[in-house]
>>> print(open('coords01.cif').read())   # mmCIF, C-alpha atoms
data_entry
#
loop_
_atom_site.label_atom_id
_atom_site.label_comp_id
_atom_site.auth_asym_id
_atom_site.auth_seq_id
_atom_site.Cartn_x
_atom_site.Cartn_y
_atom_site.Cartn_z
CA MET A 1 85.11 113.76 93.95
CA ARG A 2 84.66 113.19 90.22
CA THR A 3 87.74 111.76 88.55
CA ASN A 4 86.59 111.66 84.93
CA PHE A 5 89.36 113.92 83.69
CA GLY A 6 88.22 113.33 80.12
CA GLU A 7 85.53 115.98 80.73
CA LEU A 8 88.09 118.73 81.35
CA VAL A 9 87.38 121.97 79.43
CA ILE A 10 89.66 125.03 79.48
CA GLU A 11 87.69 128.30 79.47
CA GLN A 12 90.48 130.89 79.84
CA ALA A 13 94.14 130.97 80.81
CA ILE A 14 96.72 133.51 81.93
CA VAL A 15 100.51 133.23 82.24
CA HIS A 16 102.97 134.91 84.63
CA SER A 17 106.77 134.71 84.64
CA VAL A 18 108.02 133.79 88.13
CA PRO A 19 111.78 134.05 88.80
CA THR A 20 113.29 132.42 91.87
CA ARG A 21 113.49 134.87 94.74
CA THR A 22 117.07 135.72 95.71
CA LYS A 23 118.37 137.11 98.99
CA LYS A 24 118.59 140.62 97.56
CA ASP A 25 114.94 140.38 96.50
CA SER A 26 113.78 140.14 100.11
CA GLY A 27 110.48 141.95 100.47
CA ASP A 28 110.22 142.71 96.74
CA TYR A 29 108.47 140.66 94.06
CA THR A 30 110.14 140.36 90.65
CA VAL A 31 107.24 138.53 89.03
CA GLU A 32 106.31 139.58 85.47
CA LEU A 33 102.55 139.67 85.71
CA SER A 34 100.14 139.55 82.81
CA ASP A 35 97.33 142.07 82.76
CA GLU A 36 94.76 139.90 81.05
CA ALA A 37 94.06 136.35 79.95
CA SER A 38 95.71 135.02 76.81
CA GLN A 39 93.65 134.42 73.68
CA LEU A 40 92.93 130.74 73.13
CA THR A 41 92.26 129.54 69.61
CA ASP A 42 90.10 126.44 69.23
CA LYS A 43 93.10 124.48 67.95
CA VAL A 44 95.34 125.42 70.87
CA GLN A 45 92.57 124.86 73.41
CA SER A 46 91.81 121.39 72.06
CA ALA A 47 95.48 120.39 71.99
CA LEU A 48 96.08 121.65 75.54
CA GLU A 49 93.04 119.84 76.89
CA LYS A 50 94.12 116.57 75.30
CA ARG A 51 97.64 116.87 76.71
CA LEU A 52 96.51 117.84 80.21
CA ILE A 53 93.85 115.12 80.36
CA GLY A 54 96.53 112.54 79.56
CA ILE A 55 98.78 113.83 82.35
CA LEU A 56 95.95 113.90 84.87
CA LYS A 57 94.82 110.38 84.01
CA GLY A 58 98.31 108.94 84.24
CA HIS A 59 99.92 110.91 87.06
CA ALA A 60 97.43 112.88 89.18
CA LEU A 61 97.47 112.06 92.89
CA SER A 62 94.67 112.98 95.28
CA VAL A 63 95.66 115.76 97.70
CA THR A 64 93.92 117.47 100.62
CA GLU A 65 94.49 120.81 102.31
CA ASP A 66 96.64 120.71 105.45
CA PRO A 67 95.78 123.76 107.63
CA GLU A 68 99.01 123.37 109.60
CA LEU A 69 101.02 124.31 106.50
CA LYS A 70 99.40 127.77 106.54
CA SER A 71 99.44 128.27 102.76
CA PRO A 72 97.04 130.99 101.51
CA LEU A 73 96.35 129.05 98.30
CA PRO A 74 93.38 126.96 99.55
CA ASP A 75 91.50 130.10 100.62
CA TRP A 76 92.16 131.78 97.26
CA ALA A 77 91.01 128.64 95.42
CA ARG A 78 87.83 128.52 97.50
CA GLY A 79 87.18 132.20 96.85
CA PHE A 80 87.60 131.77 93.12
CA MET A 81 85.45 128.63 92.98
CA THR A 82 82.58 130.32 94.81
CA GLY A 83 82.81 133.41 92.58
CA GLU A 84 84.08 135.73 95.30
CA GLU A 85 87.50 136.30 93.70
CA ASP A 86 88.39 137.65 90.25
CA PHE A 87 90.25 135.28 87.94
CA VAL A 88 93.08 137.66 86.96
CA GLU A 89 93.60 138.93 90.51
CA THR A 90 93.62 135.39 91.88
CA SER A 91 96.23 134.38 89.32
CA CYS A 92 98.46 137.33 90.31
CA GLN A 93 98.23 136.35 93.98
CA LEU A 94 99.19 132.81 93.08
CA ALA A 95 102.21 134.00 91.05
CA ARG A 96 103.54 136.05 93.98
CA HIS A 97 102.93 133.14 96.33
CA LEU A 98 104.83 130.82 94.00
CA GLN A 99 107.84 133.14 94.12
CA ASP A 100 107.69 133.07 97.91
CA ALA A 101 107.56 129.27 97.83
CA GLN A 102 110.29 128.52 95.28
CA THR A 103 113.36 129.56 97.22
CA GLY A 104 116.63 127.66 97.27
CA SER A 105 116.92 124.96 94.60
CA ALA A 106 113.51 125.59 92.98
CA SER A 107 113.93 126.89 89.43
CA SER A 108 112.42 129.94 87.78
CA GLY A 109 109.63 129.37 85.33
CA LEU A 110 106.16 130.24 84.14
CA LEU A 111 102.93 129.86 86.06
CA VAL A 112 99.92 129.05 83.90
CA VAL A 113 96.59 129.57 85.67
CA ALA A 114 93.47 128.33 83.87
CA GLN A 115 89.79 128.58 84.61
CA VAL A 116 88.33 125.21 83.71
CA LYS A 117 85.24 123.08 84.00
CA LEU A 118 85.24 119.43 85.02
CA ALA A 119 81.92 117.64 84.76
CA ARG A 120 80.31 121.10 84.44
CA GLN A 121 81.81 122.24 87.74
CA ARG A 122 84.04 125.28 88.00
CA GLY A 123 87.71 124.53 88.51
CA LEU A 124 91.14 126.09 88.86
CA LEU A 125 94.13 124.52 87.09
CA LEU A 126 97.72 125.51 87.95
CA ILE A 127 100.75 124.58 85.84
CA LYS A 128 104.37 125.42 86.68
CA LEU A 129 106.57 125.25 83.57
CA GLU A 130 110.34 125.36 83.42
CA PRO A 131 111.40 125.97 79.78
CA GLU A 132 114.67 124.78 78.34
CA SER A 133 117.61 127.07 78.94
CA GLY A 134 117.64 130.00 76.52
CA ILE A 135 113.94 129.90 75.69
CA GLN A 136 112.30 133.19 76.59
CA ALA A 137 108.60 133.75 77.07
CA ARG A 138 107.05 136.05 74.47
CA ARG A 139 104.99 139.00 75.63
CA VAL A 140 102.28 140.41 73.39
CA GLY A 141 99.94 143.37 73.61
CA GLU A 142 100.41 147.04 74.30
CA GLU A 143 101.82 148.53 77.50
CA GLY A 144 99.24 148.39 80.25
CA LYS A 145 97.49 145.36 78.76
CA ARG A 146 100.28 142.91 78.19
CA THR A 147 100.09 139.15 78.37
CA PHE A 148 102.07 136.13 77.22
CA ASP A 149 101.61 134.53 73.83
CA VAL A 150 99.38 131.49 74.40
CA GLN A 151 100.91 129.68 71.45
CA PHE A 152 104.30 129.86 73.18
CA TYR A 153 103.32 128.00 76.32
CA ALA A 154 101.12 125.64 74.33
CA ASP A 155 104.25 124.64 72.42
CA LEU A 156 106.06 124.08 75.72
CA LEU A 157 103.37 121.73 76.98
CA LEU A 158 102.89 119.90 73.71
CA THR A 159 106.57 119.31 72.95
CA GLN A 160 109.71 118.55 74.93
CA LYS A 161 110.75 122.20 75.25
CA ALA A 162 109.62 122.26 78.87
CA ASN A 163 112.12 120.35 81.00
CA VAL A 164 109.81 120.19 83.99
CA PHE A 165 106.23 120.93 84.76
CA LYS A 166 104.04 120.44 87.77
CA LEU A 167 100.29 120.87 87.91
CA ALA A 168 97.37 120.96 90.32
CA LEU A 169 93.63 120.92 89.79
CA PHE A 170 90.90 121.99 92.20
CA THR A 171 87.18 121.94 91.47
CA ALA A 172 83.96 122.98 93.18
CA ASP A 173 83.57 119.38 94.35
CA GLY A 174 86.66 119.79 96.49
CA VAL A 175 85.35 122.99 98.07
CA GLU A 176 82.29 121.25 99.48
CA ALA A 177 84.41 119.29 101.96
CA ASP A 178 85.70 120.81 105.20
CA LEU A 179 89.19 120.85 103.69
CA LEU A 180 89.96 121.70 100.07
CA GLN A 181 90.59 118.61 97.96
CA GLY A 182 92.05 118.21 94.50
CA TRP A 183 94.77 116.53 92.47
CA ALA A 184 98.44 117.21 91.80
CA ALA A 185 101.15 115.78 89.55
CA ASP A 186 104.88 116.33 89.17
CA ARG A 187 106.43 115.32 85.85
CA GLN A 188 109.92 116.05 87.17
CA ARG A 189 110.05 113.19 89.60
CA SER A 190 111.22 109.90 88.12
CA GLN A 191 109.17 108.02 90.70
CA GLN A 192 106.11 110.19 90.04
CA ARG A 193 105.98 111.71 93.50
CA ILE A 194 105.58 115.46 94.08
CA SER A 195 108.26 117.88 95.22
CA GLY A 196 107.81 119.14 98.75
CA PHE A 197 107.93 122.82 97.89
CA PHE A 198 105.13 122.45 95.31
CA LEU A 199 102.86 120.15 97.34
CA ARG A 200 103.33 121.52 100.82
CA THR A 201 104.68 125.07 100.61
CA PHE A 202 102.84 126.25 97.48
CA LEU A 203 99.63 124.19 97.47
CA GLY A 204 99.43 123.78 101.25
CA CYS A 205 98.37 120.15 100.81
CA THR A 206 99.31 116.60 101.72
CA PHE A 207 98.32 113.29 100.13
CA THR A 208 94.67 112.45 100.81
CA GLU A 209 95.40 108.87 101.85
CA ASP A 210 98.32 107.53 103.84
CA PRO A 211 100.54 105.88 101.18
CA ALA A 212 101.67 103.02 103.44
CA GLU A 213 98.10 102.18 104.48
CA VAL A 214 96.62 102.16 100.96
CA THR A 215 99.60 100.20 99.60
CA GLY A 216 99.14 97.55 102.26
CA ARG A 217 95.43 97.31 101.47
CA PHE A 218 96.16 96.96 97.75
CA HIS A 219 98.51 94.06 98.51
CA ASP A 220 96.00 92.25 100.73
CA VAL A 221 92.90 92.91 98.61
CA ALA A 222 94.60 92.01 95.33
CA LEU A 223 95.96 88.69 96.63
CA LYS A 224 92.61 87.86 98.23
CA TRP A 225 90.93 88.24 94.82
CA VAL A 226 93.55 86.05 93.13
CA ASN A 227 93.14 83.18 95.60
CA SER A 228 89.33 83.35 95.80
CA ARG A 229 88.59 83.95 92.11
CA LEU A 230 91.17 81.52 90.73
CA SER A 231 90.58 78.62 93.10
CA GLU A 232 90.04 75.80 90.60
CA PRO A 233 92.92 73.44 89.69
CA GLU A 234 92.89 74.60 86.08
CA ASP A 235 93.47 78.19 87.27
CA ALA A 236 96.76 77.37 89.00
CA GLN A 237 99.01 78.92 86.36
CA ALA A 238 97.00 82.15 86.22
CA ARG A 239 97.01 82.32 90.02
CA ILE A 240 100.79 82.03 90.10
CA ASP A 241 101.25 84.54 87.25
CA TYR A 242 98.94 87.12 88.84
CA THR A 243 100.52 86.74 92.27
CA MET A 244 103.97 87.27 90.82
CA ALA A 245 102.71 90.30 88.88
CA ILE A 246 101.29 91.87 92.06
CA LEU A 247 104.48 91.31 94.03
CA SER A 248 106.64 92.54 91.14
CA GLU A 249 104.51 95.69 90.82
CA LEU A 250 104.95 96.43 94.50
CA ASN A 251 108.70 95.83 94.22
CA SER A 252 109.16 97.93 91.07
CA ALA A 253 110.93 101.30 90.94
CA PRO A 254 108.02 103.67 90.13
CA GLY A 255 106.75 105.36 93.27
CA THR A 256 103.07 105.05 92.36
CA ILE A 257 100.54 102.41 91.36
CA THR A 258 97.79 102.94 88.79
CA PRO A 259 95.38 99.98 89.20
CA ARG A 260 93.88 100.30 85.72
CA THR A 261 97.30 100.33 84.07
CA PHE A 262 98.42 97.35 86.14
CA THR A 263 95.26 95.47 85.21
CA ASP A 264 95.61 96.18 81.50
CA LEU A 265 99.22 94.97 81.51
CA HIS A 266 98.92 91.81 83.60
CA LEU A 267 95.34 90.49 83.66
CA LYS A 268 93.33 88.87 80.89
CA GLY A 269 89.78 89.10 79.59
CA ASP A 270 86.98 89.40 82.13
CA HIS A 271 89.53 89.23 84.95
CA ARG A 272 90.35 92.89 84.33
CA ARG A 273 86.85 94.18 85.04
CA GLU A 274 86.33 91.79 87.96
CA PHE A 275 89.65 92.75 89.55
CA LEU A 276 88.98 96.50 89.33
CA THR A 277 85.47 96.01 90.74
CA HIS A 278 86.92 94.02 93.65
CA LEU A 279 89.45 96.77 94.38
CA SER A 280 86.74 99.44 94.29
CA GLU A 281 84.43 97.48 96.58
CA ASN A 282 87.27 97.21 99.08
CA GLY A 283 88.16 100.90 99.11
CA ILE A 284 91.16 100.87 96.78
CA PRO A 285 91.19 104.00 94.55
CA ASP A 286 90.99 103.39 90.80
CA ARG A 287 93.28 106.35 90.16
CA THR A 288 97.02 106.61 90.70
CA PHE A 289 98.15 106.50 94.32
CA VAL A 290 101.53 106.84 96.02
CA LYS A 291 103.26 103.55 96.80
CA ASP A 292 104.91 103.00 100.18
CA THR A 293 105.87 99.38 100.90
CA GLN A 294 107.69 99.92 104.18
CA GLN A 295 105.08 98.10 106.26
CA ILE A 296 104.76 95.10 103.95
CA ASP A 297 108.29 94.83 102.60
CA PRO A 298 109.03 91.46 104.30
CA ARG A 299 106.05 89.94 102.46
CA LEU A 300 107.29 91.10 99.06
CA GLN A 301 110.62 89.34 98.92
CA LYS A 302 109.47 85.77 98.33
CA ILE A 303 106.51 83.87 96.92
CA ARG A 304 105.01 80.72 98.47
CA VAL A 305 103.09 78.15 96.42
CA ASP A 306 101.07 75.60 98.42
CA PHE A 307 99.98 72.18 97.12
CA ALA A 308 97.02 70.11 98.30
CA SER A 309 99.40 67.35 99.41
CA GLY A 310 100.88 69.60 102.08
CA ALA A 311 104.03 70.31 100.10
CA PHE A 312 104.90 73.91 99.35
CA LEU A 313 107.55 75.90 97.52
CA VAL A 314 109.11 79.11 98.83
CA ALA A 315 111.55 81.14 96.71
CA PRO A 316 112.55 84.72 95.84
CA LEU A 317 110.63 86.17 92.88
CA ASP A 318 113.63 86.30 90.56
CA VAL A 319 114.53 82.70 91.40
CA ILE A 320 110.99 81.53 90.61
CA GLU A 321 111.16 83.26 87.24
CA GLU A 322 114.59 81.84 86.38
CA THR A 323 114.61 78.30 87.77
CA VAL A 324 111.04 77.08 88.40
CA THR A 325 108.52 75.99 85.77
CA PHE A 326 104.89 75.05 86.35
CA GLU A 327 102.95 72.67 84.11
CA THR A 328 99.25 71.84 84.31
CA LEU A 329 98.72 68.10 83.94
CA ASP A 330 95.77 66.42 82.22
CA ASP A 331 94.19 65.50 85.54
CA GLY A 332 94.17 69.14 86.72
CA ARG A 333 97.19 68.86 89.00
CA THR A 334 100.19 71.16 88.63
CA MET A 335 103.76 69.92 88.32
CA ALA A 336 106.51 72.24 89.58
CA THR A 337 110.02 71.64 88.27
CA VAL A 338 113.00 73.23 89.98
CA THR A 339 116.19 73.30 87.95
CA GLY A 340 119.45 73.95 89.78
CA GLU A 341 122.36 72.53 91.72
CA VAL A 342 121.54 70.92 95.08
CA THR A 343 123.70 72.49 97.78
CA ASN A 344 122.26 71.21 101.06
CA THR A 345 119.60 68.99 102.60
CA GLN A 346 118.24 69.15 106.15
CA GLY A 347 115.16 69.02 108.31
CA TRP A 348 113.02 72.15 108.30
CA ALA A 349 110.66 73.97 110.64
CA PRO A 350 108.68 77.15 109.88
CA PRO A 351 110.12 80.38 111.30
CA GLY A 352 109.34 80.52 114.99
CA GLY A 353 108.37 76.84 115.01
CA ARG A 354 108.99 74.88 118.19
CA SER A 355 109.87 71.23 118.31
CA ARG A 356 107.44 68.95 120.07
CA LYS A 357 108.50 67.68 123.50
CA LYS A 358 108.32 63.93 123.88
CA THR A 359 106.26 62.70 126.87
CA PRO A 360 108.78 61.32 129.39
CA ALA A 361 108.50 57.64 130.32
CA PRO A 362 107.03 56.95 133.81
CA GLN A 363 109.73 56.81 136.47
CA THR A 364 109.83 53.91 138.91
CA THR A 365 111.55 53.65 142.26
CA ASP A 366 113.27 50.65 143.78
CA ALA A 367 110.35 50.33 146.18
CA ASP A 368 107.89 50.21 143.30
CA ALA A 369 109.97 47.54 141.62
CA LEU A 370 110.05 45.51 144.81
CA GLU A 371 106.27 45.68 145.24
CA ASP A 372 105.84 44.62 141.62
CA SER A 373 108.06 41.61 142.14
CA ARG A 374 106.14 40.57 145.26
CA ASP A 375 102.85 40.79 143.42
CA ALA A 376 104.28 38.63 140.67
CA ASP A 377 105.51 36.01 143.13
CA GLY A 378 102.16 35.77 144.80
#
>>> encode(input="coords01.cif", output="structure tokens")
Amino acid sequence: MRTNFGELVIEQAIVHSVPTRTKKDSGDYTVELSDEASQLTDKVQSALEKRLIGILKGHALSVTEDPELKSPLPDWARGFMTGEEDFVETSCQLARHLQDAQTGSASSGLLVVAQVKLARQRGLLLIKLEPESGIQARRVGEEGKRTFDVQFYADLLLTQKANVFKLALFTADGVEADLLQGWAADRQRSQQRISGFFLRTFLGCTFTEDPAEVTGRFHDVALKWVNSRLSEPEDAQARIDYTMAILSELNSAPGTITPRTFTDLHLKGDHRREFLTHLSENGIPDRTFVKDTQQIDPRLQKIRVDFASGAFLVAPLDVIEETVTFETLDDGRTMATVTGEVTNTQGWAPPGGRSRKKTPAPQTTDADALEDSRDADG
């Protein structure tokens, strides 16, 4: 699917107020529905597009419909994308479905539904907003044709007056596959993951790629590029720096990895383009993906630096940063200096290593010795 979010264009938008369903609301919807789309001025439209493009570029994760979750949303999205469903009616169905989904700890808020185009393809954008306490949505229009003031929710998105917002985007590209595909983001989560009720219950989706599998591939592919591309003696420092950056990124707190952001922060010059090309050629997405290091965690705790002489250095990342310095000598070799207090010395074998067994000396018997002596005596 196309991921050039910079081509996003908002064509129309509608807003519904969606309170959390309580036990006494069983069977009844208390959603405040709008009767028509809000009026978008050019200024508001441009500002919203810029804000949403930034969020999608930095936080959107690829998601795919999961039929086992039995959410009606994918079918409604397909119907709208193919022109079979009306925009306003689809948005009302989505608002009622959101109230069904956000039980328990999920907060009340506004649902913004927008008809968009991405790379000239029809799309459906969903935004769940939770305004600051005390901020009330403003209704405009006469009875029978009421809607929410578009400037109000534009202000929420463009400022900090919205404590939380989640969004999802589906386009005609995603309808062409057997299962609906799109993107989702959750600005509430400090680790940039997506709340279960929004992803699974409301959207009826799961992550497109297994997070543990793609994280493991990123680790292997990235380190392969470092060691193959930076193989000359004069590249030793860059090789060490890049390896440490990769391991640190995988060990860091954020729950996602954005390859382009990582590359911009840690790589230099032409290495940035070459690194991203290598990732792409090896099936690593160039967009943000969920990080799950469970399968590779043992390989992230320490770094090993090998020397041509057969010597090598193994140490935790933080120890390398604090106590080890590397210096490139005039002849192309690298000098490693470890500064610290010596606490122990001993022989060493690699984990799982087995000591060699010495070949036992030939055993002789008394009879053998006697025969030898006779031969010697003639």
>>> residues_around(input="coords01.cif", residues="Thr261 of chain A", least_positions_apart="2", cutoff="10 Å", atoms="only C-alpha atoms", output="PDB file with C-alpha atoms, in the frame of the given file")
ATOM      1  CA  GLY A  58      98.310 108.940  84.240  1.00  0.00           C
ATOM      2  CA  ILE A 257     100.540 102.410  91.360  1.00  0.00           C
ATOM      3  CA  THR A 258      97.790 102.940  88.790  1.00  0.00           C
ATOM      4  CA  PRO A 259      95.380  99.980  89.200  1.00  0.00           C
ATOM      5  CA  THR A 263      95.260  95.470  85.210  1.00  0.00           C
ATOM      6  CA  ASP A 264      95.610  96.180  81.500  1.00  0.00           C
ATOM      7  CA  LEU A 265      99.220  94.970  81.510  1.00  0.00           C
ATOM      8  CA  HIS A 266      98.920  91.810  83.600  1.00  0.00           C
ATOM      9  CA  ASP A 286      90.990 103.390  90.800  1.00  0.00           C
ATOM     10  CA  ARG A 287      93.280 106.350  90.160  1.00  0.00           C
ATOM     11  CA  THR A 288      97.020 106.610  90.700  1.00  0.00           C
TER      12      THR A 288
END
>>> atom_distance(input="coords01.cif", atom1="atom CA of Ala184 of chain A", atom2="atom CA of Pro285 of chain A")
15.3 Å
>>> closest_atom_pairs(input="coords01.cif", of="segment 22-124 of chain A", to="segment 197-202 of chain A", cutoff="12 Å", atoms="all atoms listed in the file", output="tab-separated table")
residue	atom	partner	partner_atom	distance
A:Leu61	CA	A:Leu199	CA	10.7
A:Ser62	CA	A:Leu199	CA	11.1
A:Val63	CA	A:Leu199	CA	8.4
A:Thr64	CA	A:Leu199	CA	9.9
A:Glu65	CA	A:Arg200	CA	9.0
A:Asp66	CA	A:Arg200	CA	8.2
A:Pro67	CA	A:Arg200	CA	10.4
A:Glu68	CA	A:Arg200	CA	10.0
A:Leu69	CA	A:Arg200	CA	6.7
A:Lys70	CA	A:Thr201	CA	8.4
A:Ser71	CA	A:Thr201	CA	6.5
A:Pro72	CA	A:Phe202	CA	8.5
A:Leu73	CA	A:Phe202	CA	7.1
A:Pro74	CA	A:Phe202	CA	9.7
A:Gln93	CA	A:Phe202	CA	11.6
A:Leu94	CA	A:Phe202	CA	8.7
A:Ala95	CA	A:Phe202	CA	10.1
A:Arg96	CA	A:Phe202	CA	10.4
A:His97	CA	A:Phe202	CA	7.0
A:Leu98	CA	A:Phe202	CA	6.1
A:Gln99	CA	A:Phe202	CA	9.2
A:Asp100	CA	A:Phe202	CA	8.4
A:Ala101	CA	A:Phe202	CA	5.6
A:Gln102	CA	A:Phe197	CA	6.7
A:Thr103	CA	A:Phe197	CA	8.7
A:Gly104	CA	A:Phe197	CA	10.0
A:Ser105	CA	A:Phe197	CA	9.8
A:Ala106	CA	A:Phe197	CA	7.9
A:Ser107	CA	A:Phe197	CA	11.1
A:Leu111	CA	A:Phe202	CA	12.0
>>> closest_residue(input="coords01.cif", among="A:Gln45, A:Thr334, A:Ser231, A:Gln301", to="Val319 of chain A", atoms="all atoms listed in the file")
A:Gln301
>>> resolve_selection(input="coords01.cif", expression="the PyMOL selection byres ((chain A and resi 240) around 10)", output="PyMOL selection string")
chain A and resi 226-227+230+235-239+241-245+303-305+326
>>> write_last_selection(input="coords01.cif", atoms="C-alpha atoms", output="PDB file, in the frame of the given file")
ATOM      1  CA  VAL A 226      93.550  86.050  93.130  1.00  0.00           C
ATOM      2  CA  ASN A 227      93.140  83.180  95.600  1.00  0.00           C
ATOM      3  CA  LEU A 230      91.170  81.520  90.730  1.00  0.00           C
ATOM      4  CA  ASP A 235      93.470  78.190  87.270  1.00  0.00           C
ATOM      5  CA  ALA A 236      96.760  77.370  89.000  1.00  0.00           C
ATOM      6  CA  GLN A 237      99.010  78.920  86.360  1.00  0.00           C
ATOM      7  CA  ALA A 238      97.000  82.150  86.220  1.00  0.00           C
ATOM      8  CA  ARG A 239      97.010  82.320  90.020  1.00  0.00           C
ATOM      9  CA  ASP A 241     101.250  84.540  87.250  1.00  0.00           C
ATOM     10  CA  TYR A 242      98.940  87.120  88.840  1.00  0.00           C
ATOM     11  CA  THR A 243     100.520  86.740  92.270  1.00  0.00           C
ATOM     12  CA  MET A 244     103.970  87.270  90.820  1.00  0.00           C
ATOM     13  CA  ALA A 245     102.710  90.300  88.880  1.00  0.00           C
ATOM     14  CA  ILE A 303     106.510  83.870  96.920  1.00  0.00           C
ATOM     15  CA  ARG A 304     105.010  80.720  98.470  1.00  0.00           C
ATOM     16  CA  VAL A 305     103.090  78.150  96.420  1.00  0.00           C
ATOM     17  CA  PHE A 326     104.890  75.050  86.350  1.00  0.00           C
TER      18      PHE A 326
END
>>> resolve_selection(input="coords01.cif", expression="the PyMOL selection byres ((chain A and resi 333) around 10)", output="list in words")
Pro233, Glu234, Ala236, Phe307, Ala308, Glu327, Thr328, Leu329, Asp330, Asp331, Gly332, Thr334, Met335 and Ala336 of chain A
>>> residues_around(input="coords01.cif", residues="segment 3-8 of chain A", least_positions_apart="3", cutoff="10 Å", atoms="only C-alpha atoms", output="PyMOL selection string")
chain A and resi 11+49-50+52-57+60+62+116-121+123+182-183+286-287
>>> write_last_selection(input="coords01.cif", atoms="C-alpha atoms", output="mmCIF file, keeping the file's coordinate frame")
data_model
loop_
_atom_site.group_PDB
_atom_site.id
_atom_site.type_symbol
_atom_site.label_atom_id
_atom_site.label_comp_id
_atom_site.auth_asym_id
_atom_site.auth_seq_id
_atom_site.Cartn_x
_atom_site.Cartn_y
_atom_site.Cartn_z
ATOM 1 C CA GLU A 11 87.690 128.300 79.470
ATOM 2 C CA GLU A 49 93.040 119.840 76.890
ATOM 3 C CA LYS A 50 94.120 116.570 75.300
ATOM 4 C CA LEU A 52 96.510 117.840 80.210
ATOM 5 C CA ILE A 53 93.850 115.120 80.360
ATOM 6 C CA GLY A 54 96.530 112.540 79.560
ATOM 7 C CA ILE A 55 98.780 113.830 82.350
ATOM 8 C CA LEU A 56 95.950 113.900 84.870
ATOM 9 C CA LYS A 57 94.820 110.380 84.010
ATOM 10 C CA ALA A 60 97.430 112.880 89.180
ATOM 11 C CA SER A 62 94.670 112.980 95.280
ATOM 12 C CA VAL A 116 88.330 125.210 83.710
ATOM 13 C CA LYS A 117 85.240 123.080 84.000
ATOM 14 C CA LEU A 118 85.240 119.430 85.020
ATOM 15 C CA ALA A 119 81.920 117.640 84.760
ATOM 16 C CA ARG A 120 80.310 121.100 84.440
ATOM 17 C CA GLN A 121 81.810 122.240 87.740
ATOM 18 C CA GLY A 123 87.710 124.530 88.510
ATOM 19 C CA GLY A 182 92.050 118.210 94.500
ATOM 20 C CA TRP A 183 94.770 116.530 92.470
ATOM 21 C CA ASP A 286 90.990 103.390 90.800
ATOM 22 C CA ARG A 287 93.280 106.350 90.160
#
>>> resolve_selection(input="coords01.cif", expression="the PyMOL selection byres ((chain A and resi 113) around 6)", output="short mmCIF file (atom, residue, chain, number, x, y, z; two decimals) with C-alpha atoms, in the coordinates of the input")
data_model
loop_
_atom_site.label_atom_id
_atom_site.label_comp_id
_atom_site.auth_asym_id
_atom_site.auth_seq_id
_atom_site.Cartn_x
_atom_site.Cartn_y
_atom_site.Cartn_z
CA ALA A 13 94.14 130.97 80.81
CA ILE A 14 96.72 133.51 81.93
CA VAL A 112 99.92 129.05 83.90
CA ALA A 114 93.47 128.33 83.87
CA LEU A 125 94.13 124.52 87.09
CA LEU A 126 97.72 125.51 87.95
#
>>> atom_distance(input="coords01.cif", atom1="atom CA of Ala37 of chain A", atom2="atom CA of Gly174 of chain A")
24.5 Å
>>> atom_distance(input="coords01.cif", atom1="atom CA of Val214 of chain A", atom2="atom CA of Ala315 of chain A")
26.1 Å
>>> closest_residue(input="coords01.cif", among="A:Thr20, A:Asn282, A:Thr339, A:Gln115", to="Glu130 of chain A", atoms="all atoms listed in the file")
A:Thr20
>>> residues_near_point(input="coords01.cif", point="(89.0, 89.1, 94.5)", cutoff="10 Å", atoms="only C-alpha atoms", output="PyMOL selection string")
chain A and resi 220-230+271+274-279+281-282
>>> closest_residue(input="coords01.cif", among="A:Gly204, A:Arg217, A:Pro350, A:Gly79", to="Val314 of chain A", atoms="only C-alpha atoms")
A:Pro350
>>> residues_around(input="coords01.cif", residues="Leu157 of chain A", least_positions_apart="5", cutoff="9 Å", atoms="only C-alpha atoms", output="PyMOL selection string")
chain A and resi 48+51-52+129+162+165
>>> closest_residue(input="coords01.cif", among="A:Val342, A:Ile10, A:Leu156, A:Val290", to="Thr206 of chain A", atoms="only C-alpha atoms")
A:Val290
>>> residues_around(input="coords01.cif", residues="Val18 of chain A", least_positions_apart="4", cutoff="6 Å", atoms="only C-alpha atoms", output="list in words")
Val31, Ser108, Gly109 and Leu110 of chain A
>>> closest_residue(input="coords01.cif", among="A:Ala77, A:Asp297, A:Val324, A:Phe87", to="Glu36 of chain A", atoms="all atoms listed in the file")
A:Phe87
